[in-house]
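For reference, my_file-v2.txt (compact mmCIF, C-alpha atoms):
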```txt
# COMPACT_ATOMS: atom_id res chain seq x y z
CA MET A 1 20.38 57.78 3.45
CA THR A 2 23.28 55.81 2.02
CA ASN A 3 24.55 54.72 -1.35
CA GLU A 4 24.02 51.08 -0.43
CA THR A 5 22.35 49.06 -3.17
CA VAL A 6 20.77 45.66 -3.17
CA GLY A 7 21.46 44.91 -6.81
CA GLY A 8 23.45 42.24 -8.56
CA PHE A 9 23.20 38.51 -8.08
CA ALA A 10 22.24 37.31 -4.64
CA GLY A 11 24.10 34.06 -5.28
CA ASP A 12 26.72 32.77 -7.69
CA PRO A 13 26.34 34.48 -11.08
CA ALA A 14 27.47 31.25 -12.74
CA GLU A 15 24.09 29.76 -11.85
CA ALA A 16 22.82 31.74 -14.84
CA PHE A 17 24.45 29.09 -17.06
CA THR A 18 21.98 26.53 -15.73
CA PRO A 19 18.92 28.54 -14.72
CA PRO A 20 15.92 26.81 -13.23
CA ALA A 21 13.04 26.29 -15.64
CA SER A 22 10.73 28.46 -13.62
CA SER A 23 8.15 29.23 -16.26
CA GLY A 24 5.71 27.25 -18.31
CA CYS A 25 5.46 30.04 -20.84
CA CYS A 26 7.64 31.25 -23.63
CA GLY A 27 9.70 34.28 -22.80
CA SER A 28 10.32 35.59 -19.35
CA THR A 29 7.76 36.05 -16.63
CA PRO A 30 8.11 37.60 -13.20
CA ALA A 31 9.43 35.27 -10.56
CA THR A 32 6.20 35.79 -8.69
CA ALA A 33 3.97 34.66 -11.57
CA THR A 34 3.50 31.15 -10.34
CA ALA A 35 -0.18 31.07 -9.58
CA THR A 36 -1.70 30.52 -12.98
CA THR A 37 -1.65 27.62 -15.34
CA CYS A 38 -0.41 29.84 -18.11
CA CYS A 39 2.57 31.39 -16.46
CA GLY A 40 3.06 28.87 -13.70
CA THR A 41 5.46 26.02 -13.43
CA THR A 42 6.40 23.95 -16.42
CA GLU A 43 4.66 21.00 -14.83
CA ALA A 44 1.43 22.93 -14.34
CA ALA A 45 1.52 24.30 -17.84
CA THR A 46 2.17 20.89 -19.29
CA ALA A 47 -0.63 19.35 -17.29
CA ALA A 48 -3.06 21.99 -18.49
CA GLY A 49 -1.89 21.85 -22.07
CA THR A 50 -0.99 25.49 -21.78
CA CYS A 51 1.62 27.64 -23.42
CA CYS A 52 5.04 26.31 -24.10
CA ASP A 53 7.99 24.86 -22.35
CA PRO A 54 10.84 27.26 -21.64
CA ALA A 55 12.78 26.22 -24.72
CA ALA A 56 9.85 26.67 -27.06
CA LYS A 57 10.70 29.90 -28.78
CA ALA A 58 14.39 29.25 -29.23
CA ASP A 59 13.67 25.75 -30.51
CA GLY A 60 10.87 26.85 -32.77
CA ALA A 61 8.54 24.28 -31.27
CA GLY A 62 7.57 22.83 -27.98
CA CYS A 63 4.12 24.08 -27.06
CA CYS A 64 2.39 21.75 -24.70
CA GLY A 65 -0.76 19.90 -25.49
CA MET B 1 28.61 48.34 -1.89
CA THR B 2 28.66 51.97 -2.96
CA THR B 3 27.65 53.60 -6.19
CA THR B 4 30.82 54.66 -7.98
CA ARG B 5 29.48 56.17 -11.18
CA PRO B 6 26.90 58.88 -11.79
CA ALA B 7 23.59 57.62 -13.06
CA PRO B 8 23.32 58.00 -16.85
CA ALA B 9 20.87 60.51 -18.19
CA VAL B 10 18.12 58.11 -19.07
CA SER B 11 14.91 59.64 -20.39
CA GLY B 12 11.81 57.94 -19.07
CA ALA B 13 9.70 60.03 -21.44
CA ARG B 14 11.67 58.87 -24.47
CA LEU B 15 11.48 55.26 -23.32
CA ARG B 16 7.71 55.50 -22.91
CA ALA B 17 7.35 57.17 -26.30
CA THR B 18 9.15 54.28 -27.98
CA VAL B 19 6.93 51.71 -26.29
CA THR B 20 3.76 53.63 -27.09
CA THR B 21 4.73 54.10 -30.71
CA LEU B 22 5.58 50.45 -31.31
CA ALA B 23 2.23 49.48 -29.78
CA GLU B 24 0.25 51.74 -32.15
CA ASP B 25 -2.47 50.44 -34.45
CA ARG B 26 -0.36 51.05 -37.57
CA PHE B 27 2.08 48.33 -36.55
CA THR B 28 -0.72 45.77 -36.00
CA GLY B 29 1.11 43.87 -33.27
CA ARG B 30 4.28 43.54 -35.43
CA ARG B 31 3.96 39.93 -36.47
CA VAL B 32 6.74 38.80 -38.81
CA GLY B 33 5.84 39.07 -42.47
CA THR B 34 2.97 41.52 -42.04
CA ALA B 35 2.74 45.09 -43.28
CA GLY B 36 2.75 46.20 -39.66
CA GLY B 37 5.90 44.24 -38.93
CA ARG B 38 7.66 45.73 -41.94
CA ALA B 39 6.53 49.21 -40.96
CA ALA B 40 7.95 48.70 -37.48
CA ALA B 41 11.29 47.64 -38.95
CA THR B 42 11.37 50.77 -41.08
CA TRP B 43 10.52 52.95 -38.11
CA LEU B 44 13.24 51.35 -35.99
CA ALA B 45 15.81 51.83 -38.75
CA GLY B 46 14.95 55.53 -38.66
CA GLN B 47 15.38 55.62 -34.89
CA LEU B 48 18.82 54.05 -35.17
CA ARG B 49 19.87 56.52 -37.85
CA ALA B 50 18.70 59.35 -35.63
CA ILE B 51 21.19 58.33 -32.94
CA GLY B 52 24.02 58.14 -35.45
CA ALA B 53 24.04 54.46 -36.37
CA THR B 54 24.97 53.03 -39.73
CA VAL B 55 21.87 50.99 -40.47
CA THR B 56 21.26 47.91 -42.57
CA THR B 57 18.35 45.51 -42.83
CA ASP B 58 18.63 41.84 -43.63
CA GLU B 59 15.76 39.76 -45.00
CA PHE B 60 15.37 36.02 -44.49
CA PRO B 61 12.68 33.39 -45.04
CA VAL B 62 10.37 32.33 -42.23
CA PRO B 63 8.36 29.26 -43.20
CA GLY B 64 5.51 27.76 -41.26
CA VAL B 65 4.04 30.74 -39.39
CA ARG B 66 0.53 30.06 -38.06
CA GLU B 67 -1.95 32.76 -39.03
CA LEU B 68 -5.55 33.35 -37.99
CA TYR B 69 -7.30 34.76 -41.04
CA ARG B 70 -10.69 35.15 -39.38
CA THR B 71 -11.84 35.05 -35.79
CA PRO B 72 -12.60 31.44 -34.76
CA GLN B 73 -16.11 30.72 -33.57
CA LEU B 74 -17.45 28.27 -31.02
CA THR B 75 -21.11 27.86 -30.16
CA TRP B 76 -22.38 25.46 -27.56
CA ASP B 77 -26.09 24.58 -27.73
CA GLY B 78 -26.70 28.00 -29.28
CA ARG B 79 -24.53 29.94 -26.79
CA ALA B 80 -21.68 31.83 -28.50
CA LEU B 81 -18.36 31.71 -26.64
CA VAL B 82 -15.74 34.48 -26.75
CA HIS B 83 -12.48 33.97 -28.60
CA ARG B 84 -9.34 34.35 -26.44
CA ARG B 85 -11.49 34.48 -23.28
CA ASP B 86 -13.40 31.20 -23.51
CA PHE B 87 -11.45 29.42 -26.22
CA VAL B 88 -8.53 29.78 -28.62
CA GLU B 89 -7.13 28.10 -31.67
CA HIS B 90 -4.79 25.23 -30.89
CA LEU B 91 -1.60 25.31 -32.95
CA ALA B 92 -1.99 21.61 -33.71
CA SER B 93 -5.28 22.40 -35.46
CA ALA B 94 -6.10 21.83 -39.08
CA ASP B 95 -7.72 24.70 -40.97
CA LEU B 96 -11.53 24.74 -40.66
CA PRO B 97 -12.66 27.82 -42.57
CA ALA B 98 -16.41 27.61 -41.93
CA LEU B 99 -18.65 26.54 -39.07
CA ARG B 100 -19.23 22.83 -38.70
CA THR B 101 -21.94 21.55 -36.42
CA GLY B 102 -21.95 18.18 -34.77
CA GLU B 103 -22.94 16.21 -31.74
CA LEU B 104 -20.46 16.56 -28.88
CA VAL B 105 -19.19 13.30 -27.40
CA ARG B 106 -16.54 12.31 -24.91
CA ALA B 107 -13.24 10.84 -26.06
CA ASP B 108 -14.26 7.40 -24.78
CA ALA B 109 -17.50 7.31 -26.81
CA GLU B 110 -18.03 4.30 -29.02
CA GLU B 111 -18.41 6.37 -32.19
CA LEU B 112 -16.45 9.55 -32.95
CA GLY B 113 -17.22 9.87 -36.66
CA GLY B 114 -19.03 13.08 -37.63
CA ARG B 115 -18.84 14.37 -34.05
CA TRP B 116 -16.92 16.96 -32.07
CA VAL B 117 -14.88 15.23 -29.37
CA LEU B 118 -14.46 16.57 -25.83
CA ALA B 119 -10.98 15.30 -24.97
CA PRO B 120 -8.61 15.79 -22.01
CA ASP B 121 -5.66 16.16 -24.38
CA LEU B 122 -4.52 15.31 -27.90
CA GLY B 123 -4.05 11.64 -27.07
CA VAL B 124 -7.25 10.71 -28.91
CA SER B 125 -6.16 12.47 -32.12
CA ALA B 126 -5.17 9.37 -34.07
CA ARG B 127 -8.39 7.52 -33.33
CA ALA B 128 -10.54 10.60 -33.90
CA SER B 129 -8.89 11.20 -37.25
CA ARG B 130 -9.22 7.57 -38.29
CA GLU B 131 -12.94 7.53 -37.45
CA GLY B 132 -13.66 10.85 -39.16
CA ALA B 133 -14.41 13.05 -36.15
CA VAL B 134 -15.17 16.69 -36.90
CA GLY B 135 -12.62 18.00 -34.42
CA LEU B 136 -11.37 18.14 -30.84
CA LEU B 137 -12.02 20.41 -27.87
CA VAL B 138 -9.25 20.22 -25.26
CA PRO B 139 -8.89 22.16 -21.99
CA ARG B 140 -6.46 25.01 -21.34
CA GLY B 141 -5.89 27.49 -18.53
CA THR B 142 -5.88 31.26 -18.67
CA ASP B 143 -3.61 33.94 -17.33
CA GLU B 144 -4.41 35.83 -14.15
CA ALA B 145 -6.71 38.22 -16.02
CA GLY B 146 -8.62 35.44 -17.74
CA TRP B 147 -6.96 35.75 -21.16
CA MET B 148 -5.67 32.88 -23.25
CA PRO B 149 -2.32 34.00 -24.72
CA LYS B 150 -1.60 33.83 -28.43
CA MET B 151 1.15 31.71 -29.96
CA ILE B 152 2.27 31.52 -33.57
CA ALA B 153 4.95 28.82 -33.35
CA GLY B 154 4.51 25.39 -31.89
CA PRO B 155 3.48 21.89 -32.91
CA PRO B 156 2.79 21.30 -36.60
CA PRO B 157 -0.83 21.23 -37.76
CA GLY B 158 -2.55 17.87 -37.59
CA ASP B 159 -5.45 16.31 -39.48
CA LEU B 160 -8.25 17.64 -37.29
CA PRO B 161 -9.52 21.05 -36.21
CA VAL B 162 -8.65 21.63 -32.54
CA LEU B 163 -9.83 24.32 -30.17
CA ALA B 164 -8.53 24.85 -26.63
CA VAL B 165 -11.36 25.69 -24.26
CA ARG B 166 -11.09 27.41 -20.89
CA THR B 167 -10.76 24.65 -18.32
CA GLU B 168 -13.93 25.45 -16.39
CA LEU B 169 -15.98 25.71 -19.58
CA HIS B 170 -14.50 22.46 -20.82
CA ARG B 171 -15.92 20.77 -17.74
CA GLN B 172 -19.33 22.36 -18.35
CA LEU B 173 -19.29 21.18 -21.94
CA ALA B 174 -19.75 17.65 -20.65
CA ASP B 175 -23.43 18.59 -20.46
CA ALA B 176 -23.59 19.97 -23.98
CA SER B 177 -25.20 18.12 -26.83
CA THR B 178 -24.28 20.11 -29.93
CA VAL B 179 -21.29 22.23 -30.89
CA SER B 180 -20.64 24.48 -33.88
CA ALA B 181 -17.12 25.74 -34.47
CA SER B 182 -14.66 27.11 -37.00
CA VAL B 183 -10.88 27.35 -36.84
CA PRO B 184 -9.68 29.64 -39.65
CA LEU B 185 -6.00 28.96 -39.03
CA ARG B 186 -3.55 28.57 -41.89
CA THR B 187 0.19 28.18 -42.27
CA VAL B 188 2.06 30.86 -44.20
CA ASP B 189 5.61 31.28 -45.41
CA VAL B 190 6.78 34.85 -44.94
CA THR B 191 9.88 37.03 -45.05
CA GLY B 192 11.43 38.48 -41.90
CA SER B 193 13.64 41.54 -41.68
CA ASN B 194 16.31 42.08 -39.03
CA VAL B 195 17.38 45.64 -38.33
CA HIS B 196 21.05 46.31 -37.58
CA GLY B 197 22.85 49.42 -36.47
CA VAL B 198 26.57 50.02 -35.95
CA LEU B 199 27.21 52.86 -33.53
CA HIS B 200 30.92 52.45 -32.98
CA GLN B 201 33.08 50.52 -35.40
CA PRO B 202 34.52 47.28 -34.01
CA ALA B 203 38.21 46.91 -33.40
CA ALA B 204 40.11 43.72 -34.20
CA GLN B 205 41.77 43.55 -30.79
CA GLY B 206 39.16 45.27 -28.69
CA VAL B 207 35.88 44.52 -26.98
CA ASN B 208 32.87 44.34 -29.25
CA VAL B 209 29.37 44.51 -27.82
CA LEU B 210 26.09 43.67 -29.53
CA LEU B 211 22.84 44.78 -27.88
CA THR B 212 19.76 42.91 -29.06
CA ALA B 213 15.99 43.01 -28.51
CA HIS B 214 13.45 41.43 -30.84
CA PHE B 215 10.89 43.85 -32.20
CA ASP B 216 8.29 41.43 -33.52
CA GLY B 217 5.11 40.35 -31.73
CA VAL B 218 2.54 37.63 -32.28
CA GLY B 219 0.37 40.08 -34.22
CA ASP B 220 -3.15 41.36 -33.83
CA ASP B 221 -6.08 38.98 -34.04
CA PRO B 222 -8.42 39.59 -36.97
CA ASP B 223 -10.79 41.58 -34.74
CA GLN B 224 -8.68 42.44 -31.73
CA ARG B 225 -5.44 44.32 -30.97
CA LEU B 226 -2.48 42.63 -29.32
CA PRO B 227 -0.14 45.62 -28.90
CA ALA B 228 2.91 43.67 -27.69
CA ALA B 229 4.04 46.54 -25.49
CA ALA B 230 5.92 44.41 -22.98
CA ASP B 231 7.05 41.63 -25.35
CA ASN B 232 9.06 43.28 -26.63
CA ALA B 233 8.52 46.96 -27.31
CA SER B 234 9.83 47.48 -23.79
CA GLY B 235 13.10 45.69 -24.49
CA VAL B 236 13.55 47.52 -27.77
CA ALA B 237 13.00 50.85 -26.05
CA ALA B 238 15.62 50.13 -23.39
CA VAL B 239 18.20 48.92 -25.91
CA LEU B 240 17.63 51.94 -28.13
CA GLU B 241 18.00 54.30 -25.19
CA ALA B 242 21.10 52.48 -23.94
CA ALA B 243 22.69 52.70 -27.37
CA ARG B 244 21.94 56.41 -27.54
CA LEU B 245 23.66 56.96 -24.20
CA LEU B 246 26.63 54.71 -24.86
CA ALA B 247 27.55 55.65 -28.41
CA PRO B 248 29.17 59.04 -27.74
CA ALA B 249 31.34 57.64 -24.97
CA MET B 250 32.64 54.42 -26.51
CA PRO B 251 36.45 54.32 -26.43
CA ASP B 252 38.65 53.48 -29.36
CA GLY B 253 39.14 49.77 -29.44
CA ALA B 254 35.58 49.03 -28.42
CA GLY B 255 32.77 48.35 -30.87
CA LEU B 256 29.07 48.88 -30.28
CA ALA B 257 26.27 47.51 -32.44
CA VAL B 258 22.55 46.97 -32.07
CA ALA B 259 20.37 44.27 -33.61
CA PHE B 260 16.59 44.22 -33.54
CA PRO B 261 15.82 40.67 -34.67
CA ASP B 262 12.51 39.81 -36.31
CA ALA B 263 10.61 36.51 -35.95
CA GLU B 264 11.53 35.72 -32.37
CA GLU B 265 7.91 34.77 -31.77
CA ALA B 266 8.11 32.43 -34.75
CA GLY B 267 10.94 30.38 -33.25
CA ALA B 268 13.79 32.88 -32.86
CA ARG B 269 14.34 32.73 -36.61
CA GLY B 270 15.80 36.22 -36.95
CA SER B 271 18.59 35.63 -34.47
CA ALA B 272 19.19 32.16 -35.94
CA HIS B 273 19.78 33.89 -39.28
CA HIS B 274 21.98 36.60 -37.78
CA ALA B 275 24.09 34.76 -35.21
CA PRO B 276 26.45 32.96 -37.61
CA ALA B 277 27.42 36.29 -39.15
CA VAL B 278 28.44 37.94 -35.88
CA ALA B 279 32.20 38.33 -35.36
CA PRO B 280 33.67 35.74 -32.98
CA GLY B 281 34.10 37.02 -29.46
CA THR B 282 31.37 39.64 -29.72
CA VAL B 283 29.59 39.96 -26.39
CA VAL B 284 25.81 39.77 -26.76
CA ILE B 285 23.31 41.28 -24.33
CA ASN B 286 19.71 40.42 -25.20
CA LEU B 287 16.78 42.13 -23.51
CA ASP B 288 13.37 40.43 -23.74
CA GLY B 289 10.83 42.12 -21.51
CA ALA B 290 11.51 45.30 -19.54
CA ALA B 291 8.05 46.04 -18.26
CA GLU B 292 7.64 44.82 -14.68
CA LEU B 293 10.81 44.13 -12.74
CA GLY B 294 9.27 42.53 -9.69
CA ASP B 295 11.78 40.99 -7.30
CA ALA B 296 14.69 40.60 -9.72
CA ALA B 297 15.66 40.48 -13.36
CA ALA B 298 16.03 36.99 -14.81
CA VAL B 299 19.39 36.25 -16.40
CA GLU B 300 20.37 33.27 -18.54
CA ALA B 301 23.92 32.96 -19.83
CA GLY B 302 25.38 30.88 -22.62
CA GLY B 303 28.67 30.52 -24.43
CA PRO B 304 31.92 31.78 -22.84
CA ALA B 305 30.06 34.38 -20.76
CA HIS B 306 31.86 34.41 -17.40
CA ALA B 307 33.26 37.90 -17.94
CA LEU B 308 29.87 39.09 -19.14
CA LEU B 309 28.19 37.72 -16.02
CA ALA B 310 30.77 39.43 -13.82
CA ALA B 311 30.10 42.70 -15.62
CA LEU B 312 26.35 42.23 -15.21
CA ASP B 313 26.77 41.47 -11.53
CA GLN B 314 28.83 44.60 -10.96
CA ALA B 315 26.41 46.66 -13.05
CA GLY B 316 23.51 45.32 -11.01
CA ARG B 317 25.21 46.43 -7.84
CA GLU B 318 25.95 49.87 -9.26
CA THR B 319 22.42 50.45 -10.49
CA GLY B 320 20.58 48.67 -7.69
CA VAL B 321 18.98 46.13 -10.03
CA PRO B 322 18.65 42.69 -8.39
CA LEU B 323 19.48 39.74 -10.62
CA ARG B 324 18.64 36.05 -10.45
CA ALA B 325 19.38 33.04 -12.60
CA GLY B 326 16.24 32.48 -14.65
CA ALA B 327 15.33 30.76 -17.90
CA MET B 328 15.30 33.17 -20.84
CA ALA B 329 14.05 31.33 -23.90
CA SER B 330 14.88 34.06 -26.35
CA ASP B 331 17.35 35.18 -29.00
CA ASN B 332 20.27 34.96 -26.57
CA ARG B 333 20.17 31.17 -27.05
CA ARG B 334 20.78 31.52 -30.77
CA TYR B 335 23.82 33.74 -30.20
CA ALA B 336 25.17 31.43 -27.49
CA ALA B 337 24.68 28.46 -29.79
CA ALA B 338 26.91 30.25 -32.31
CA GLY B 339 29.68 30.27 -29.71
CA LEU B 340 29.29 33.86 -28.59
CA PRO B 341 29.22 34.99 -24.96
CA ALA B 342 25.55 35.84 -24.55
CA ALA B 343 23.19 36.79 -21.77
CA GLY B 344 19.43 37.07 -21.92
CA ILE B 345 17.84 39.49 -19.47
CA GLY B 346 14.13 39.49 -18.67
CA MET B 347 12.37 42.11 -16.55
CA GLY B 348 8.76 41.06 -16.86
CA MET B 349 5.94 40.90 -19.41
CA PRO B 350 2.56 41.84 -17.90
CA GLY B 351 -0.29 40.84 -20.18
CA TYR B 352 2.00 38.47 -22.05
CA GLN B 353 0.73 37.92 -25.63
CA THR B 354 -2.82 39.00 -24.90
CA PRO B 355 -4.90 42.12 -25.67
CA ALA B 356 -3.96 43.32 -22.17
CA GLU B 357 -0.30 43.75 -23.11
CA THR B 358 -0.70 47.50 -23.43
CA PRO B 359 1.73 50.40 -22.92
CA GLY B 360 -0.07 51.27 -19.70
CA ARG B 361 1.13 47.99 -18.21
CA VAL B 362 4.79 48.87 -18.85
CA GLU B 363 6.44 50.44 -15.83
CA THR B 364 8.57 53.49 -16.55
CA GLY B 365 10.76 52.61 -13.59
CA THR B 366 11.51 49.21 -15.08
CA LEU B 367 12.35 50.72 -18.47
CA VAL B 368 14.77 53.09 -16.76
CA ALA B 369 16.27 50.32 -14.64
CA ALA B 370 16.80 48.10 -17.67
CA THR B 371 18.49 50.90 -19.56
CA ARG B 372 20.78 51.72 -16.67
CA LEU B 373 21.67 48.06 -16.22
CA VAL B 374 22.61 47.66 -19.87
CA VAL B 375 24.60 50.89 -19.93
CA ALA B 376 26.49 50.01 -16.77
CA THR B 377 27.22 46.50 -18.04
CA VAL B 378 28.69 47.77 -21.28
CA ARG B 379 30.80 50.28 -19.37
CA GLN B 380 32.14 47.42 -17.25
CA LEU B 381 32.94 45.41 -20.35
CA VAL B 382 34.84 48.21 -22.08
CA ALA B 383 36.60 49.43 -18.93
CA PRO B 384 39.82 47.50 -19.74
CA VAL B 385 39.92 49.27 -23.10
CA THR B 386 39.21 52.64 -21.54
CA GLY B 387 42.02 52.05 -19.12
```

Could you render the structure from this file as C-alpha cells?
Amino acid sequence: MTNETVGGFAGDPAEAFTPPASSGCCGSTPATATATTCCGTTEAATAAGTCCDPAAKADGAGCCG
Amino acid sequence: MTTTRPAPAVSGARLRATVTTLAEDRFTGRRVGTAGGRAAATWLAGQLRAIGATVTTDEFPVPGVRELYRTPQLTWDGRALVHRRDFVEHLASADLPALRTGELVRADAEELGGRWVLAPDLGVSARASREGAVGLLVPRGTDEAGWMPKMIAGPPPGDLPVLAVRTELHRQLADASTVSASVPLRTVDVTGSNVHGVLHQPAAQGVNVLLTAHFDGVGDDPDQRLPAAADNASGVAAVLEAARLLAPAMPDGAGLAVAFPDAEEAGARGSAHHAPAVAPGTVVINLDGAAELGDAAAVEAGGPAHALLAALDQAGRETGVPLRAGAMASDNRRYAAAGLPAAGIGMGMPGYQTPAETPGRVETGTLVAATRLVVATVRQLVAPVTG
C-alpha cells in the first residue's frame, strides 16, 4: 500500500489546447465510446448523418446530415 | 508522486441527492425556456444561497430553439414504428403537424411529387422540394443501447418534413410501398436564465476563479422523460459540492464564484451571454459530464490557460484522477473566446440525451472524483495567494 497515484496528464498538458476531435457527438463521451455511430468518430458520425461535430454546441450549429 | 494534502470531505450522498433532484419529473428535463428549466434555476439559486453565496440570475433571449410539441409518428405499410428507437425528428425538418400518407420512392425515382422519399442523405432536398415531395426519410445510427439521442440545436429548418430512421430499418424500407408520418417540430424563441453565485469576493490583485456547469438539458419528449442526469446534473452537483467545500477556506486576495449557465444545449447561449461580463483574468473551470470516468477525464483548454493546466495536472496527481487532452465542446469555449483562461473537463455521459440518461447511470465514484479534482485545482491556483 503506497500513496502513489496514477493521476494527472500522461503526456504534455499543453496538448489540451489542441485536443483530438475524438467524438462525433456534442459534449464529452468516454474515450472508450468509439463503437457506435452516435458516439463514435467524427467521420463515422458524419457518414451516418448522426449527432453533431465536436464544435456543434459551442457554435450553435453543426449537426451532421 | 505522493499525496500531499488530505482528501476533502466530499459527500457522495449529497452529490447523488443533487443529481437525483435535478432529474425529477418536476424539472421536465430542464430545457431552456420551459417551466421545468425555470424551476431548476430557482432550485439551484436556493442551493447556492444555502452554502452562503450571494446569488443573482440573469435572463437573456434564446431564439431558434427546436421544440417537439407532439410525438412524431411513422407508419410503414400499417406497421407503427417507435419514436426515438426506430426514428427521430431531423432538425432540418419542416413542421408537419398531422399525418401525411404517400407512396414511398427512392431518391433516384423519376417522380418525387406527392411522395415520401427514401434518401441516403439530405442531398436530394432541393429536387424533392422543387417537385413537391411530401418529405424525406434519411438513415441514422443509434447509441449502444439502441436509442437515438435528442438534439435541439443544429441546422435550420428546411422546406420539407424530414425523419431520421434507424439505419437497419431504413434499409428495410426499400421494400415498403406506403408511409404515413408526422413531424410536429416547431421553432420557438425563449428566454434563458443563468444562475450566478459569489462565494468569496474577488480581489483586484488576486486570483479569481469561476466554476461553471450548465444546468439545462434537451428537455423531455412530449410522452417520454429525458432526465439529463449525466448531461449535466452530474457536473452541476460536483461544482456545487466543490464550491461548498472551497468557500470557507478561500484566502483573502482570492475570489470564488459559480455560474450555472442555461441554454448550453441550445448552442452555449448562456455562456455566450455571460462571458463578456466576466472580469479579465478570471480562471474558468467548466465541468460538463461527471458520470462515468472511464480511463481518464477529457480536458480542453483555451485562452491563456497554461497555469490552469499546470494546476489541473498537479491536482490530477494529488487526487489520482487521470487526465487526457480531449475535445470539450461546451461552455468553456465561450469563456476562452472572451480571452479568459478556461478549461473544460468531461468525465462521461452514459445515456447521453436519451431516456436512459438516468441518475442510476451516474457513478458516485465519478462524482466524488470530479469534486476532488476541482477542489484540488482551485487550491493549486490560490496557493500563491495563500503563501

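All protein and nucleic acid residues in the vicinity of (-12.0, 12.8, -21.1), that is within 8 Å when counting all atoms listed in the file, are Arg106, Ala107, Asp108, Leu118, Ala119, Pro120 and Asp121 of chain B.
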
*Neighbours of stretch 11-21 of chain A within 9 Å (all atoms listed in the file; same-chain residues fewer than 5 positions away dropped), as a list in words?*
Thr41, Thr42, Asp53 and Pro54 of chain A; Ala298, Val299, Glu300, Ala301, Gly302, Gly303, Ala305, His306, Leu309, Ala310, Leu312, Asp313, Leu323, Arg324, Ala325, Gly326, Ala327, Met328 and Ala343 of chain B

_Contacts of stretch 282-294 of chain B within 7 Å, all atoms listed in the file, excl. fewer than 3 positions in-chain, as a PyMOL selection string_ = (chain A and resi 28+30) or (chain B and resi 208-213+230-232+234-235+279+297+331-332+340-350+362-363+366-367+370)

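Residues near the point (21.4, 44.5, -3.1), at a distance of 7 Å or less over only C-alpha atoms, make up Thr5, Val6, Gly7 and Gly8 of chain A; Arg317, Gly320 and Pro322 of chain B.
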
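Taking atom CA of B:Glu24 and atom CA of B:Ala9 as the two end points, the separation is 26.4 Å.
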
Listed atoms of stretch 250-257 of chain B boxed along x, y and z, 6 Å each side, centre and edge lengths in Å, one decimal, as AutoDock Vina command-line options:
```
--center_x 32.7 --center_y 51.0 --center_z -29.4 --size_x 24.9 --size_y 18.9 --size_z 18.0
```

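Compared by their closest atoms to B:Ala329, and using all atoms listed in the file, the residues B:Ala243, B:Ala268, B:Val134, B:Val258 rank with B:Ala268 nearest.
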
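Atom pair atom CA of B:His196 / atom CA of B:Gln380: separated by 23.2 Å.
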
*So how many Å separate atom CA of B:Leu104 and atom CA of B:Val179, to one decimal?*
6.1 Å

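Closest approach to B:Ala338 among B:Arg84, B:Arg186, B:Arg66, B:His274 is made by B:His274 (distances from all atoms listed in the file).
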
Tell me, as a PDB file with C-alpha atoms, keeping the file's coordinate frame, which residues lie within 10 Å of B:Ala133, counting all atoms listed in the file; anything in the same chain fewer than 4 positions away does not count.
```pdb
ATOM      1  CA  GLY B 102     -21.950  18.180 -34.770  1.00  0.00           C
ATOM      2  CA  VAL B 105     -19.190  13.300 -27.400  1.00  0.00           C
ATOM      3  CA  GLU B 111     -18.410   6.370 -32.190  1.00  0.00           C
ATOM      4  CA  LEU B 112     -16.450   9.550 -32.950  1.00  0.00           C
ATOM      5  CA  GLY B 113     -17.220   9.870 -36.660  1.00  0.00           C
ATOM      6  CA  GLY B 114     -19.030  13.080 -37.630  1.00  0.00           C
ATOM      7  CA  ARG B 115     -18.840  14.370 -34.050  1.00  0.00           C
ATOM      8  CA  TRP B 116     -16.920  16.960 -32.070  1.00  0.00           C
ATOM      9  CA  VAL B 117     -14.880  15.230 -29.370  1.00  0.00           C
ATOM     10  CA  SER B 125      -6.160  12.470 -32.120  1.00  0.00           C
ATOM     11  CA  ARG B 127      -8.390   7.520 -33.330  1.00  0.00           C
ATOM     12  CA  ALA B 128     -10.540  10.600 -33.900  1.00  0.00           C
ATOM     13  CA  SER B 129      -8.890  11.200 -37.250  1.00  0.00           C
ATOM     14  CA  LEU B 160      -8.250  17.640 -37.290  1.00  0.00           C
ATOM     15  CA  PRO B 161      -9.520  21.050 -36.210  1.00  0.00           C
TER      16      PRO B 161
END
```

*Show which residues sit within 8 Å of stretch 88-97 of chain B, as a list in words. Count only C-alpha atoms, and ignore same-chain residues fewer than 5 positions away.*
Arg66, Pro72, His83, Met148, Met151, Ile152, Ala153, Gly154, Pro155, Pro156, Pro157, Gly158, Asp159, Leu160, Pro161, Val162, Leu163, Ala164, Val165, Ser182, Val183, Pro184, Leu185 and Arg186 of chain B

Store the residues picked out above, limited to C-alpha atoms, as an mmCIF file, in the coordinates of the input.
```cif
data_model
loop_
_atom_site.group_PDB
_atom_site.id
_atom_site.type_symbol
_atom_site.label_atom_id
_atom_site.label_comp_id
_atom_site.auth_asym_id
_atom_site.auth_seq_id
_atom_site.Cartn_x
_atom_site.Cartn_y
_atom_site.Cartn_z
ATOM 1 C CA ARG B 66 0.530 30.060 -38.060
ATOM 2 C CA PRO B 72 -12.600 31.440 -34.760
ATOM 3 C CA HIS B 83 -12.480 33.970 -28.600
ATOM 4 C CA MET B 148 -5.670 32.880 -23.250
ATOM 5 C CA MET B 151 1.150 31.710 -29.960
ATOM 6 C CA ILE B 152 2.270 31.520 -33.570
ATOM 7 C CA ALA B 153 4.950 28.820 -33.350
ATOM 8 C CA GLY B 154 4.510 25.390 -31.890
ATOM 9 C CA PRO B 155 3.480 21.890 -32.910
ATOM 10 C CA PRO B 156 2.790 21.300 -36.600
ATOM 11 C CA PRO B 157 -0.830 21.230 -37.760
ATOM 12 C CA GLY B 158 -2.550 17.870 -37.590
ATOM 13 C CA ASP B 159 -5.450 16.310 -39.480
ATOM 14 C CA LEU B 160 -8.250 17.640 -37.290
ATOM 15 C CA PRO B 161 -9.520 21.050 -36.210
ATOM 16 C CA VAL B 162 -8.650 21.630 -32.540
ATOM 17 C CA LEU B 163 -9.830 24.320 -30.170
ATOM 18 C CA ALA B 164 -8.530 24.850 -26.630
ATOM 19 C CA VAL B 165 -11.360 25.690 -24.260
ATOM 20 C CA SER B 182 -14.660 27.110 -37.000
ATOM 21 C CA VAL B 183 -10.880 27.350 -36.840
ATOM 22 C CA PRO B 184 -9.680 29.640 -39.650
ATOM 23 C CA LEU B 185 -6.000 28.960 -39.030
ATOM 24 C CA ARG B 186 -3.550 28.570 -41.890
#
```
